[in-house]
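Novice: Below you'll find the structure I mean.
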Protein chains: 6
Amino acid sequence: MIYIERKERFSAAHQLYNPHWSEEKNQAVFGKCANKNFHGHNYTLTVTVKGKINPDTGFVMNLVDLKQLITEHITEKLDHANLNHDVDFMRGKFSSTEVLAEEIWKILEPLIAAHGCQLHKIRLDETLNNAVEYFGED
Amino acid sequence: MIYIERKERFSAAHQLYNPHWSEEKNQAVFGKCANKNFHGHNYTLTVTVKGKINPDTGFVMNLVDLKQLITEHITEKLDHANLNHDVDFMRGKFSSTEVLAEEIWKILEPLIAAHGCQLHKIRLDETLNNAVEYFGED
Amino acid sequence: MIYIERKERFSAAHQLYNPHWSEEKNQAVFGKCANKNFHGHNYTLTVTVKGKINPDTGFVMNLVDLKQLITEHITEKLDHANLNHDVDFMRGKFSSTEVLAEEIWKILEPLIAAHGCQLHKIRLDETLNNAVEYFGED
Amino acid sequence: MIYIERKERFSAAHQLYNPHWSEEKNQAVFGKCANKNFHGHNYTLTVTVKGKINPDTGFVMNLVDLKQLITEHITEKLDHANLNHDVDFMRGKFSSTEVLAEEIWKILEPLIAAHGCQLHKIRLDETLNNAVEYFGED
Amino acid sequence: MIYIERKERFSAAHQLYNPHWSEEKNQAVFGKCANKNFHGHNYTLTVTVKGKINPDTGFVMNLVDLKQLITEHITEKLDHANLNHDVDFMRGKFSSTEVLAEEIWKILEPLIAAHGCQLHKIRLDETLNNAVEYFGED
Amino acid sequence: MIYIERKERFSAAHQLYNPHWSEEKNQAVFGKCANKNFHGHNYTLTVTVKGKINPDTGFVMNLVDLKQLITEHITEKLDHANLNHDVDFMRGKFSSTEVLAEEIWKILEPLIAAHGCQLHKIRLDETLNNAVEYFGED
């Protein structure tokens, strides 16, 4: 059992905002992240897949296939997008890094399972200093 | 004569768009950077200052002062902002990295001269792979 | 259940030395790390916190609060300090990265618990190539 | 119980190729990685060791010893080598990052155990975006 | 006048060897870089272009065009290749980083001039610690 | 004419302090950098050498020789040292990054000239965000 990881990058805008709260409360909790004109980040997405080594290839999963899954289903939708307005799977959700990581898990988990492997971790680096990891745990 | 540099970081949203052009031409030239809902980046600003070593301190310029100039006049205005809408010194200008670097030069050059030093270079990294450098040349 | 992490940095001096040993034994075991005039590092501290996503914010814990806890209780005490002489919580202890990581855990664990979250990991990078991770295990 | 890690680097050539397959099938599966004249990478090897802190040193294991084990038994054999032809412990095996990580584990595990510690993880970064982790699990 | 830069990456194998020298002399001068079975690196190519800002776009040169020039003419030929055997423009030349940087300059200089800009610098990082820069100077 | 660079790293302690000033003035100017018990950094030294490509090797200068010069004359003296007390060529000087870069230039310039090349630049990164460059200019 071995773990492989692939990084892909995307640049997106977002705003942290709770529509059920007053402007004041949004400012108090989210500070400058609540800016109504949005701000943005260069995100790095790291996808870790777990599996056995295939004796015919020496691979757990062909990284060409993994890269293809990630770009088609995730990063092509997120790159140069607004997480609050442009992304189907983020509609009506907070655009925090935590929620984004969970939604990416939901999409990639069955796609990777269909290749006979297991999604192990979604990691999202939002800035040099802030990141999130999700292992599919409730 | 020696050069010192200080890096500061900010996260901002922007859109590349020429208002005198049709939507089609904007798409053709700027591609996904023209997204009307914006996208964003983690920018790294590197400011290089040139001067002689002060014999009383061993410094060209105190980095505490340089950091203070950069944050007060530049990065506090750019961080978590929308370059097209929220930043006074970018009003009515393209929010390309090139133009942003030039505008930062115009603000910092006299402030650093007032400390008896010389601004040498503004560098802006927009992504892992794209950057701009400006030396104040016409 | 999701994990968030925050990095903070500090620069400190230290010396590795066992006062119950001879100078020769200290040299033999600690080599140049035993230099009596100290040496130093730029440390990167990574704090990982585990919790459930708050449905009102999309956050596990507000990173502004986490950053505040780390800087007030840890990095303001360690930055530009001598780990052997200047830091209250390191008094009488080895200033190895391992011991420092454990002591940081002891301080942050209850403070993060008071925010309704759980400290998961303390990571300390001492150089480009050397690091330590502590998960609170005996 | 605490974890220490040490990174070492090496530059090597390799080719991904299954000798029981036709040229066409090798091309289909391995693509440009099957180039018969080889290609190469700068690999970063990260070795993580788990153990208790020695009360006489503040160390889990002296990093000087860990570095010596890794360079003597692993990186001196891999650096500036061809993974398909020059490395005794890779003879007859796929030169994928997965297989290389497993073979490094087999060599280092007993050597680290002989120092009273436990090998916890072998991580190999092959490029900026691709990496593998092995924990000795079947 | 402003400078823009674009990074692209490739992984290649090579051997440093002077065919007019004995095996002994090659070993003495090139050491392990002379390994007849090749070794390899992850190279990072940084291309810096100099020009005036276009008042219709805010760009010196569209980075989409620059990326396209670099990948079509340079990195698609170098990636997963053997610099001594597979690359037309390196035929019969030393595969040192210095020579490679010069040959890349010769190819890109007229292509960038055709876009109305000026190639300013070719930088090649061969490892974390070794790099070369070429400005077209004799 | 082409430029090659080599990075070497060292970890050192230092204190910024002017002995002709009062404690108060030292605190006012140098702040926490004046800590009498020292603090420290992981420094990265980048040495850039300029020269013509040798037609027999494809090299400007053999990086093995350059590395040997830097480690013997500079980094072995600085690594795990106290810049204020342990380093012969820093005796009686400010241990600022600026002064250290100048002193390294004075030592390496004639040694590199003796290899038929020209020292072009000394760069010292003191932290992730602070660096100095010296080109031998008065």
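In the structure tokens, the first chain shown is A, the next is B, and so on; residue numbers restart at 1 for each chain, and ligands run from 1 in the order shown.
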List the neighbours of region 64-74 of chain C out to 10 Å using only C-alpha atoms; skip same-chain residues closer than 3 positions along the sequence, and give me the result as a PDB file with N, CA and C atoms, in the first residue's frame.
Specialist:
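Generated output (out-v5.pdb):
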ATOM      1  N   VAL A  29     -16.523  39.200  11.808  1.00  0.00           N
ATOM      2  CA  VAL A  29     -16.044  37.808  11.748  1.00  0.00           C
ATOM      3  C   VAL A  29     -15.044  37.609  10.612  1.00  0.00           C
ATOM      4  N   PHE A  30     -15.363  38.138   9.429  1.00  0.00           N
ATOM      5  CA  PHE A  30     -14.528  37.829   8.256  1.00  0.00           C
ATOM      6  C   PHE A  30     -13.513  38.919   7.923  1.00  0.00           C
ATOM      7  N   GLY A  31     -13.663  40.099   8.550  1.00  0.00           N
ATOM      8  CA  GLY A  31     -12.695  41.175   8.334  1.00  0.00           C
ATOM      9  C   GLY A  31     -12.558  41.505   6.862  1.00  0.00           C
TER      10      GLY A  31
ATOM     11  N   ILE C   4      -6.877  22.275   9.602  1.00  0.00           N
ATOM     12  CA  ILE C   4      -6.373  23.530   9.052  1.00  0.00           C
ATOM     13  C   ILE C   4      -4.978  23.764   9.605  1.00  0.00           C
ATOM     14  N   GLU C   5      -4.141  24.408   8.815  1.00  0.00           N
ATOM     15  CA  GLU C   5      -2.802  24.680   9.337  1.00  0.00           C
ATOM     16  C   GLU C   5      -2.390  26.128   9.084  1.00  0.00           C
ATOM     17  N   ARG C   6      -1.586  26.638  10.007  1.00  0.00           N
ATOM     18  CA  ARG C   6      -1.077  28.007   9.932  1.00  0.00           C
ATOM     19  C   ARG C   6       0.424  27.988  10.195  1.00  0.00           C
ATOM     20  N   LYS C   7       1.171  28.670   9.319  1.00  0.00           N
ATOM     21  CA  LYS C   7       2.625  28.764   9.504  1.00  0.00           C
ATOM     22  C   LYS C   7       2.987  30.127  10.075  1.00  0.00           C
ATOM     23  N   GLU C   8       3.885  30.151  11.047  1.00  0.00           N
ATOM     24  CA  GLU C   8       4.507  31.386  11.530  1.00  0.00           C
ATOM     25  C   GLU C   8       6.013  31.148  11.588  1.00  0.00           C
ATOM     26  N   ARG C   9       6.779  32.198  11.484  1.00  0.00           N
ATOM     27  CA  ARG C   9       8.231  32.058  11.399  1.00  0.00           C
ATOM     28  C   ARG C   9       8.929  32.829  12.527  1.00  0.00           C
ATOM     29  N   PHE C  10      10.081  32.349  12.962  1.00  0.00           N
ATOM     30  CA  PHE C  10      10.880  33.105  13.927  1.00  0.00           C
ATOM     31  C   PHE C  10      12.355  32.763  13.727  1.00  0.00           C
ATOM     32  N   LEU C  45       7.293  27.396  12.076  1.00  0.00           N
ATOM     33  CA  LEU C  45       6.381  26.638  12.934  1.00  0.00           C
ATOM     34  C   LEU C  45       5.067  26.446  12.190  1.00  0.00           C
ATOM     35  N   THR C  46       4.626  25.182  12.056  1.00  0.00           N
ATOM     36  CA  THR C  46       3.334  24.894  11.439  1.00  0.00           C
ATOM     37  C   THR C  46       2.423  24.272  12.490  1.00  0.00           C
ATOM     38  N   VAL C  47       1.295  24.906  12.743  1.00  0.00           N
ATOM     39  CA  VAL C  47       0.331  24.422  13.734  1.00  0.00           C
ATOM     40  C   VAL C  47      -0.887  23.880  12.990  1.00  0.00           C
ATOM     41  N   THR C  48      -1.228  22.602  13.227  1.00  0.00           N
ATOM     42  CA  THR C  48      -2.393  21.991  12.578  1.00  0.00           C
ATOM     43  C   THR C  48      -3.487  21.757  13.613  1.00  0.00           C
ATOM     44  N   VAL C  49      -4.676  22.244  13.292  1.00  0.00           N
ATOM     45  CA  VAL C  49      -5.836  22.160  14.185  1.00  0.00           C
ATOM     46  C   VAL C  49      -6.918  21.345  13.493  1.00  0.00           C
ATOM     47  N   MET C  61     -11.815  26.995  12.464  1.00  0.00           N
ATOM     48  CA  MET C  61     -11.447  27.996  13.491  1.00  0.00           C
ATOM     49  C   MET C  61     -11.005  29.208  12.696  1.00  0.00           C
ATOM     50  N   LYS C  77       7.681  35.290  21.756  1.00  0.00           N
ATOM     51  CA  LYS C  77       8.677  34.918  22.775  1.00  0.00           C
ATOM     52  C   LYS C  77       9.934  34.299  22.159  1.00  0.00           C
ATOM     53  N   LEU C  78       9.793  33.696  20.995  1.00  0.00           N
ATOM     54  CA  LEU C  78      10.926  32.983  20.385  1.00  0.00           C
ATOM     55  C   LEU C  78      11.681  33.824  19.369  1.00  0.00           C
ATOM     56  N   ASP C  79      11.003  34.799  18.758  1.00  0.00           N
ATOM     57  CA  ASP C  79      11.640  35.527  17.649  1.00  0.00           C
ATOM     58  C   ASP C  79      12.750  36.447  18.146  1.00  0.00           C
ATOM     59  N   VAL C  87      13.934  32.389  26.934  1.00  0.00           N
ATOM     60  CA  VAL C  87      12.563  31.908  26.744  1.00  0.00           C
ATOM     61  C   VAL C  87      12.100  31.180  28.001  1.00  0.00           C
ATOM     62  N   PHE C  89       9.597  29.291  28.828  1.00  0.00           N
ATOM     63  CA  PHE C  89       9.145  27.881  28.793  1.00  0.00           C
ATOM     64  C   PHE C  89      10.227  26.890  28.326  1.00  0.00           C
ATOM     65  N   GLU C 103       7.273  21.479  23.868  1.00  0.00           N
ATOM     66  CA  GLU C 103       6.899  22.580  24.765  1.00  0.00           C
ATOM     67  C   GLU C 103       5.858  23.481  24.102  1.00  0.00           C
ATOM     68  N   ILE C 104       5.977  23.676  22.807  1.00  0.00           N
ATOM     69  CA  ILE C 104       4.967  24.472  22.090  1.00  0.00           C
ATOM     70  C   ILE C 104       3.610  23.763  22.157  1.00  0.00           C
ATOM     71  N   ILE C 107       1.766  24.345  25.483  1.00  0.00           N
ATOM     72  CA  ILE C 107       1.177  25.678  25.627  1.00  0.00           C
ATOM     73  C   ILE C 107      -0.063  25.838  24.743  1.00  0.00           C
ATOM     74  N   LEU C 108       0.029  25.400  23.493  1.00  0.00           N
ATOM     75  CA  LEU C 108      -1.070  25.656  22.556  1.00  0.00           C
ATOM     76  C   LEU C 108      -2.250  24.718  22.742  1.00  0.00           C
ATOM     77  N   LEU C 111      -5.094  26.113  24.854  1.00  0.00           N
ATOM     78  CA  LEU C 111      -5.604  27.360  24.278  1.00  0.00           C
ATOM     79  C   LEU C 111      -6.493  27.080  23.066  1.00  0.00           C
ATOM     80  N   ILE C 112      -6.117  26.095  22.286  1.00  0.00           N
ATOM     81  CA  ILE C 112      -6.920  25.733  21.109  1.00  0.00           C
ATOM     82  C   ILE C 112      -8.177  24.972  21.549  1.00  0.00           C
ATOM     83  N   HIS C 115     -11.025  27.085  22.290  1.00  0.00           N
ATOM     84  CA  HIS C 115     -11.776  27.554  21.118  1.00  0.00           C
ATOM     85  C   HIS C 115     -12.667  26.454  20.542  1.00  0.00           C
TER      86      HIS C 115
END
Novice: Pull the helix (DSSP H, G or I) assignments for region 28-70 of chain A out of DSSP run on the backbone, and list those residues as JSON, numbers by chain.
Specialist: {"A": [28, 29, 30, 31, 32, 33, 34, 63, 64, 65, 66, 67, 68, 69, 70]}
Novice: Need to verify the contact set: region 12-20 of chain C, 8 Å, only C-alpha atoms, exclusion of same-chain residues closer than 5 positions in sequence. Can you return it as a ChimeraX atom specification?
Specialist: /C:26,30,33-43,78-84,94-96 /D:56-57 /F:12-13,38-41
Novice: Restricted to C-alpha atoms, what would the selected residues look like written as a tab-separated table (two decimals), in the first residue's frame?
Specialist:
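Printed below is out_24.tsv as written:
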chain	number	residue	atom	x	y	z
C	26	ASN	CA	29.61	17.50	24.16
C	30	PHE	CA	26.76	17.67	19.34
C	33	CYS	CA	26.00	22.58	17.39
C	34	ALA	CA	27.77	22.79	20.78
C	35	ASN	CA	29.52	26.08	19.88
C	36	LYS	CA	29.52	28.07	23.16
C	37	ASN	CA	28.93	31.34	21.30
C	38	PHE	CA	25.72	29.91	19.80
C	39	HIS	CA	24.51	29.58	16.22
C	40	GLY	CA	20.98	30.16	14.89
C	41	HIS	CA	18.19	29.36	12.50
C	42	ASN	CA	15.11	30.68	10.76
C	43	TYR	CA	12.48	28.32	12.14
C	78	LEU	CA	10.93	32.98	20.38
C	79	ASP	CA	11.64	35.53	17.65
C	80	HIS	CA	15.09	37.14	17.86
C	81	ALA	CA	15.60	35.26	21.13
C	82	ASN	CA	18.21	32.85	22.48
C	83	LEU	CA	16.46	29.55	23.14
C	84	ASN	CA	18.90	28.70	25.96
C	94	PHE	CA	17.57	21.09	25.82
C	95	SER	CA	17.01	23.55	23.00
C	96	SER	CA	16.66	20.76	20.41
D	56	ASP	CA	20.70	12.91	27.63
D	57	THR	CA	20.62	14.68	24.25
F	12	ALA	CA	24.78	31.47	12.28
F	13	ALA	CA	24.04	33.63	15.32
F	38	PHE	CA	22.03	36.87	20.12
F	39	HIS	CA	19.52	35.49	17.63
F	40	GLY	CA	20.22	33.62	14.39
F	41	HIS	CA	19.36	32.76	10.84
Novice: For chain F, which residue out of A:Leu128, A:Ile53, A:Val60, A:Ala114 is the nearest one, using only C-alpha atoms?
Specialist: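 With only C-alpha atoms as the atom set, the closest residue is A:Leu128.
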Novice: Between CA of Glu23 (chain B) and CA of Ala101 (chain B), measure the distance and give it in Å to one decimal.
Specialist: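 Answer for the CA of Glu23 (chain B) to CA of Ala101 (chain B) separation: 26.5 Å.
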Novice: Can you check which residues of chain B have any atom within 6 Å of chain E? Use only C-alpha atoms and format it as a ChimeraX atom specification.
Specialist: /B:94,96,129-134,137-138
Novice: Selection from above, C-alpha atoms, as a compact mmCIF listing (two decimals), in the first residue's frame, can you write it?
Specialist:
# COMPACT_ATOMS: atom_id res chain seq x y z
CA PHE B 94 -5.26 48.29 -16.56
CA SER B 96 -1.95 44.07 -15.38
CA ASN B 129 5.62 31.15 -13.17
CA ASN B 130 4.82 34.78 -14.09
CA ALA B 131 6.61 37.91 -12.87
CA VAL B 132 7.46 41.49 -13.84
CA GLU B 133 10.43 43.73 -13.04
CA TYR B 134 10.57 47.53 -13.36
CA GLU B 137 13.29 53.18 -17.16
CA ASP B 138 11.21 55.04 -19.76
Novice: Write out as a ChimeraX atom specification the set of residues from chain B that DSSP, computed on the backbone, places in strand (DSSP E).
Specialist: /B:2-14,39-51,81-82,118-125,130-134
